[in-house]
Number of protein chains: 2
Amino acid sequence: MNLNNLNVPHNYKNIAEQYGTPLYIYDTERIKDNLSAILKFLTYQNSKVFFAVMCNNQPEILKTIKNLGIGVQVNSENELDLVKEAGFNISDISFSSTGISMELMKKLSKENIEINFDSVEEVEKYCALNKNKTFGIRVRIPKRIKIISDEATNIYSHSNVGIEEKDFSKITDIAEKTGNKTIGVHGYFASNVFDEKPFIEFGNFLFKIANNFPDLEYVNFGSGFGVRCKEKDKDFNFKKVLKHYSSLCNKLSRSFQRAIILKIEPGRTLLADAGILLVKVTNIKKLSPKKSEISVNAGFAEFARPRVYNSYHIIDNLEKSGKPKKVYDIRGNTVLQNDFLGRDRKLEEVKEGEFLIVKNVGAYGIVMASGFPGKKLPNQILISKSKIEKSEIEYNF
Amino acid sequence: MNLNNLNVPHNYKNIAEQYGTPLYIYDTERIKDNLSAILKFLTYQNSKVFFAVMCNNQPEILKTIKNLGIGVQVNSENELDLVKEAGFNISDISFSSTGISMELMKKLSKENIEINFDSVEEVEKYCALNKNKTFGIRVRIPKRIKIISDEATNIYSHSNVGIEEKDFSKITDIAEKTGNKTIGVHGYFASNVFDEKPFIEFGNFLFKIANNFPDLEYVNFGSGFGVRCKEKDKDFNFKKVLKHYSSLCNKLSRSFQRAIILKIEPGRTLLADAGILLVKVTNIKKLSPKKSEISVNAGFAEFARPRVYNSYHIIDNLEKSGKPKKVYDIRGNTVLQNDFLGRDRKLEEVKEGEFLIVKNVGAYGIVMASGFPGKKLPNQILISKSKIEKSEIEYNF
């Protein structure tokens, strides 16, 4: 993967001027390429991919995902409505959340949505409502699964997400007493992990505890695969990890004497580098002889990841001039103090009115945009090969 | 101030059921009371209050502020449009931002908006466009102004916001050469500071450097006044701080032989405790014999401050039952791991379907709401005394 120089032959400057900035640009071909890179190594026959909708729920993106023939993982009633509008069948939807209310439980049950429950209490509610139904559970990640990566975020082994191993017998008891079945285990342990070791350990753990559930039909891994953000990052080793999972799933299938389904739910992996954000330089403030501050017309309002997750995103000149590089902080042109897209970045000398490109923004970009402080949300376009598919993407707010 | 038990005789439970949760409720009377608490000690004759719109830009809130007869501080073109729609006159608008573009500069100049510039470069652009016009500057806060408070956020003495003292002569030179005047100094040093000492030092600093500008007409303090968030917090000592500023402004006026205007720009001070968020319990997950996790139907999607600023907000049972208290984590019912409104809180025993109340959410609440992950934005209502003024507040997105 090439750190999102999108598969697009367009002149970005013309697009920036035509559609206005700040502007999110998504490339459907890149999404397809990213899926292919996974499928290439997901050789296990009974496997299924679900796109994690939370990373980008815009209608045109969902339609693109639908056309790729994979499923969707949703986490809220609103997301469920969105994927149904985008044309997904019930059988292609996987629901995982936390603290599902009785009200929502009734709706999900009625519609036969596949759910992975986060607590014994939710399983109790579901089983009180249903008979002859099936469900999965989210599994608490043991603290011993250590992640050695500065880039990893949302490390779940320190959280109370999921159901603890000690409570598995409660789950099977409740299911049995009410005539329902626990058919799946779902685990997710962190975001943006490059190291394969914890993935291997996590796989071993999940396939081991899967044996607690005699009615098992699937093992679901979430995702968390590292996405290249810096030039120095290596590509995630899908080959090693997915091969291991495939082998474990083969073994489990033999032991259960039926084909166990292997599920994964990538989000950032599919979308991150399929999106860029074009921004315009509004002012350049000299801070010292060695450094200046570039204000651009986007910041926390449009792209919150750098502020919320302290995440790194490549920022580059849209048009290369060949001028010597200088050191810049790049910030939103708002009154906020901490409104930086990047600090201490080397760019070819920049002038007011020029455009910059922020990379890897296709996931957790527009969905986290609040407009704060006091701004309108940015424009979005979807590009497929040489064609601008949608000049405006409807917002899901 | 009483930690936002709003001035409202309403039955919140009925309101929650009628309008649906999560629900922001704003109380216009409380906004008025908060303004009165400031005005009581802002005894200096030539003073003017500007509401910092970034903390809540909803149209009905802006109309309420308009009715109170004060001005508005805006930070973006969009906010400018909103305050004009709410009926504010140009003379009641103060514009402060960072990195103002030439394009916006032309618009602001044409409309005669009062601007406080953040950089020499902006002053150059403005003066290249204008003649016989006036402007103010934002001043870099010196590192020596130390803030001793765990609650303080956005401490500006570590930032590059504002123009450094060493560049003041550049500003006056540019203004003089182009026939324009520097008429104001604007300073802002942090959010939520309770300690009066840095306010006193900051006042001394700002009134001292004001002497660099012979055409001076105003000194503008921003705000940053601490807002009570916990029971143990004391009320901010407006008396001491505003009395000191008034005395300094009197002295400066005598020295300039004309009435210098004292400006302040409170945001949270006026709005924070004028808003509450009603949320509904969707599930209760037992974590240990001593502690449970309450999921509620609001979190980062609707109220981002706890996650972005690690801020503390009182969470309470909506209806008191008198039952013994238990320890709870309170989280949004989404798939997000860190989606907590509060942790280790003591509440009277809670049941699914009951309502909780989150306090001090009137400022930096709805404006920072992104709906992430995958949710719709919450409902809002505005209440004045016993009357529900607006059952739905239009969103500014």
# chains A, B, ... in the order shown; residues from 1 in each chain; ligands from 1
call {"tool": "interface_residues", "arguments": {"of": "chain B", "to": "chain A", "cutoff": "8 Å", "atoms": "only C-alpha atoms", "output": "PDB file with C-alpha atoms, in the first residue's frame"}}
result
ATOM      1  CA  VAL B  53     -20.469  31.896  20.942  1.00  0.00           C
ATOM      2  CA  MET B  54     -18.186  28.885  20.452  1.00  0.00           C
ATOM      3  CA  CYS B  55     -19.482  27.383  23.706  1.00  0.00           C
ATOM      4  CA  ASN B  57     -24.132  28.536  19.046  1.00  0.00           C
ATOM      5  CA  ASN B  75     -14.438  32.916  15.836  1.00  0.00           C
ATOM      6  CA  SER B  76     -15.554  31.891  12.352  1.00  0.00           C
ATOM      7  CA  GLU B  77     -17.476  33.060   9.322  1.00  0.00           C
ATOM      8  CA  ASN B  78     -20.232  30.593  10.135  1.00  0.00           C
ATOM      9  CA  GLU B  79     -20.591  31.973  13.678  1.00  0.00           C
ATOM     10  CA  SER B  96     -11.131  36.657  17.351  1.00  0.00           C
ATOM     11  CA  SER B  97      -9.609  33.724  15.545  1.00  0.00           C
ATOM     12  CA  THR B  98      -6.332  32.400  14.183  1.00  0.00           C
ATOM     13  CA  GLY B  99      -4.998  32.478  10.642  1.00  0.00           C
ATOM     14  CA  ILE B 100      -7.646  34.675   9.033  1.00  0.00           C
ATOM     15  CA  SER B 101      -7.478  34.304   5.241  1.00  0.00           C
ATOM     16  CA  MET B 102      -7.351  37.216   2.812  1.00  0.00           C
ATOM     17  CA  SER B 119      -0.358  37.515  14.047  1.00  0.00           C
ATOM     18  CA  VAL B 120       1.726  40.256  12.470  1.00  0.00           C
ATOM     19  CA  GLU B 121       0.938  38.638   9.120  1.00  0.00           C
ATOM     20  CA  GLU B 122      -2.797  39.136   9.579  1.00  0.00           C
ATOM     21  CA  ASN B 154      -6.187  25.219  27.578  1.00  0.00           C
ATOM     22  CA  TYR B 156      -2.166  29.532  26.717  1.00  0.00           C
ATOM     23  CA  SER B 159       1.127  28.118  23.113  1.00  0.00           C
ATOM     24  CA  ASN B 160       1.994  30.315  20.155  1.00  0.00           C
ATOM     25  CA  VAL B 161      -1.353  32.067  20.218  1.00  0.00           C
ATOM     26  CA  VAL B 281     -30.236   3.759  31.627  1.00  0.00           C
ATOM     27  CA  THR B 282     -30.125   1.038  28.959  1.00  0.00           C
ATOM     28  CA  ASN B 283     -28.361  -1.740  30.890  1.00  0.00           C
ATOM     29  CA  ILE B 284     -26.565  -2.442  34.158  1.00  0.00           C
ATOM     30  CA  LYS B 285     -23.573  -4.767  34.000  1.00  0.00           C
ATOM     31  CA  LEU B 287     -18.368  -5.763  37.307  1.00  0.00           C
ATOM     32  CA  ILE B 294     -24.353   1.599  33.877  1.00  0.00           C
ATOM     33  CA  SER B 295     -24.849   2.037  30.150  1.00  0.00           C
ATOM     34  CA  VAL B 296     -26.862   5.103  29.210  1.00  0.00           C
ATOM     35  CA  VAL B 308     -11.692  15.245  25.156  1.00  0.00           C
ATOM     36  CA  GLY B 332     -22.436   5.387  26.559  1.00  0.00           C
ATOM     37  CA  ASN B 333     -24.090   2.298  25.096  1.00  0.00           C
ATOM     38  CA  THR B 334     -21.815   2.126  22.080  1.00  0.00           C
ATOM     39  CA  VAL B 335     -19.030  -0.178  21.032  1.00  0.00           C
ATOM     40  CA  GLN B 337     -14.163   1.398  24.870  1.00  0.00           C
ATOM     41  CA  ASN B 338     -13.460   4.794  26.412  1.00  0.00           C
ATOM     42  CA  GLU B 352     -32.702  -0.050  33.760  1.00  0.00           C
ATOM     43  CA  VAL B 367     -21.413  22.162  19.856  1.00  0.00           C
ATOM     44  CA  MET B 368     -18.869  19.350  20.302  1.00  0.00           C
ATOM     45  CA  ALA B 369     -21.348  16.578  19.595  1.00  0.00           C
ATOM     46  CA  SER B 370     -20.422  14.507  16.549  1.00  0.00           C
ATOM     47  CA  GLY B 371     -22.839  11.608  16.910  1.00  0.00           C
ATOM     48  CA  PHE B 372     -19.802   9.305  16.862  1.00  0.00           C
ATOM     49  CA  PRO B 373     -20.095   6.357  16.750  1.00  0.00           C
ATOM     50  CA  GLY B 374     -23.077   6.073  14.485  1.00  0.00           C
ATOM     51  CA  LYS B 375     -25.720   7.939  16.464  1.00  0.00           C
ATOM     52  CA  LYS B 376     -28.173  10.704  15.747  1.00  0.00           C
ATOM     53  CA  LEU B 377     -27.743  13.969  17.602  1.00  0.00           C
ATOM     54  CA  ASN B 396     -26.289  24.574  13.572  1.00  0.00           C
ATOM     55  CA  PHE B 397     -24.553  21.941  11.557  1.00  0.00           C
TER      56      PHE B 397
END
call {"tool": "residues_around", "arguments": {"residues": "Lys32 of chain B", "least_positions_apart": "3", "cutoff": "10 Å", "atoms": "only C-alpha atoms", "output": "mmCIF file with C-alpha atoms, in the first residue's frame"}}
result
data_model
loop_
_atom_site.group_PDB
_atom_site.id
_atom_site.type_symbol
_atom_site.label_atom_id
_atom_site.label_comp_id
_atom_site.auth_asym_id
_atom_site.auth_seq_id
_atom_site.Cartn_x
_atom_site.Cartn_y
_atom_site.Cartn_z
ATOM 1 C CA ASP B 27 -32.744 27.264 31.302
ATOM 2 C CA THR B 28 -32.839 30.889 30.125
ATOM 3 C CA GLU B 29 -33.304 32.161 33.681
ATOM 4 C CA LEU B 35 -24.818 37.225 33.796
ATOM 5 C CA SER B 36 -26.144 39.104 36.824
ATOM 6 C CA ALA B 37 -23.517 37.462 39.038
ATOM 7 C CA THR B 64 -31.651 34.484 24.593
ATOM 8 C CA ILE B 65 -28.236 36.145 24.788
ATOM 9 C CA ASN B 67 -32.359 39.570 24.821
ATOM 10 C CA LEU B 68 -29.930 40.008 27.695
ATOM 11 C CA LEU B 270 -22.833 31.991 31.388
ATOM 12 C CA LEU B 271 -23.879 28.703 29.847
ATOM 13 C CA ALA B 274 -27.677 26.537 32.450
#
call {"tool": "closest_residue", "arguments": {"among": "A:Ile314, A:Ile200, A:Val358, A:Leu262", "to": "Arg228 of chain A", "atoms": "only C-alpha atoms"}}
result
A:Ile314
call {"tool": "atom_distance", "arguments": {"atom1": "atom CA of Tyr218 of chain B", "atom2": "atom CA of Gly362 of chain B"}}
result
29.1 Å
call {"tool": "residues_around", "arguments": {"residues": "Lys390 of chain B", "least_positions_apart": "6", "cutoff": "8 Å", "atoms": "only C-alpha atoms", "output": "list in words"}}
result
Glu60, Ile381, Leu382 and Ile383 of chain B
call {"tool": "residues_around", "arguments": {"residues": "Asn212 of chain A", "least_positions_apart": "4", "cutoff": "10 Å", "atoms": "only C-alpha atoms", "output": "JSON, numbers by chain"}}
result
{"A": [165, 168, 169, 172, 182, 185, 207, 208, 216]}
call {"tool": "atom_distance", "arguments": {"atom1": "atom CA of Glu302 of chain A", "atom2": "atom CA of Pro306 of chain B"}}
result
19.7 Å
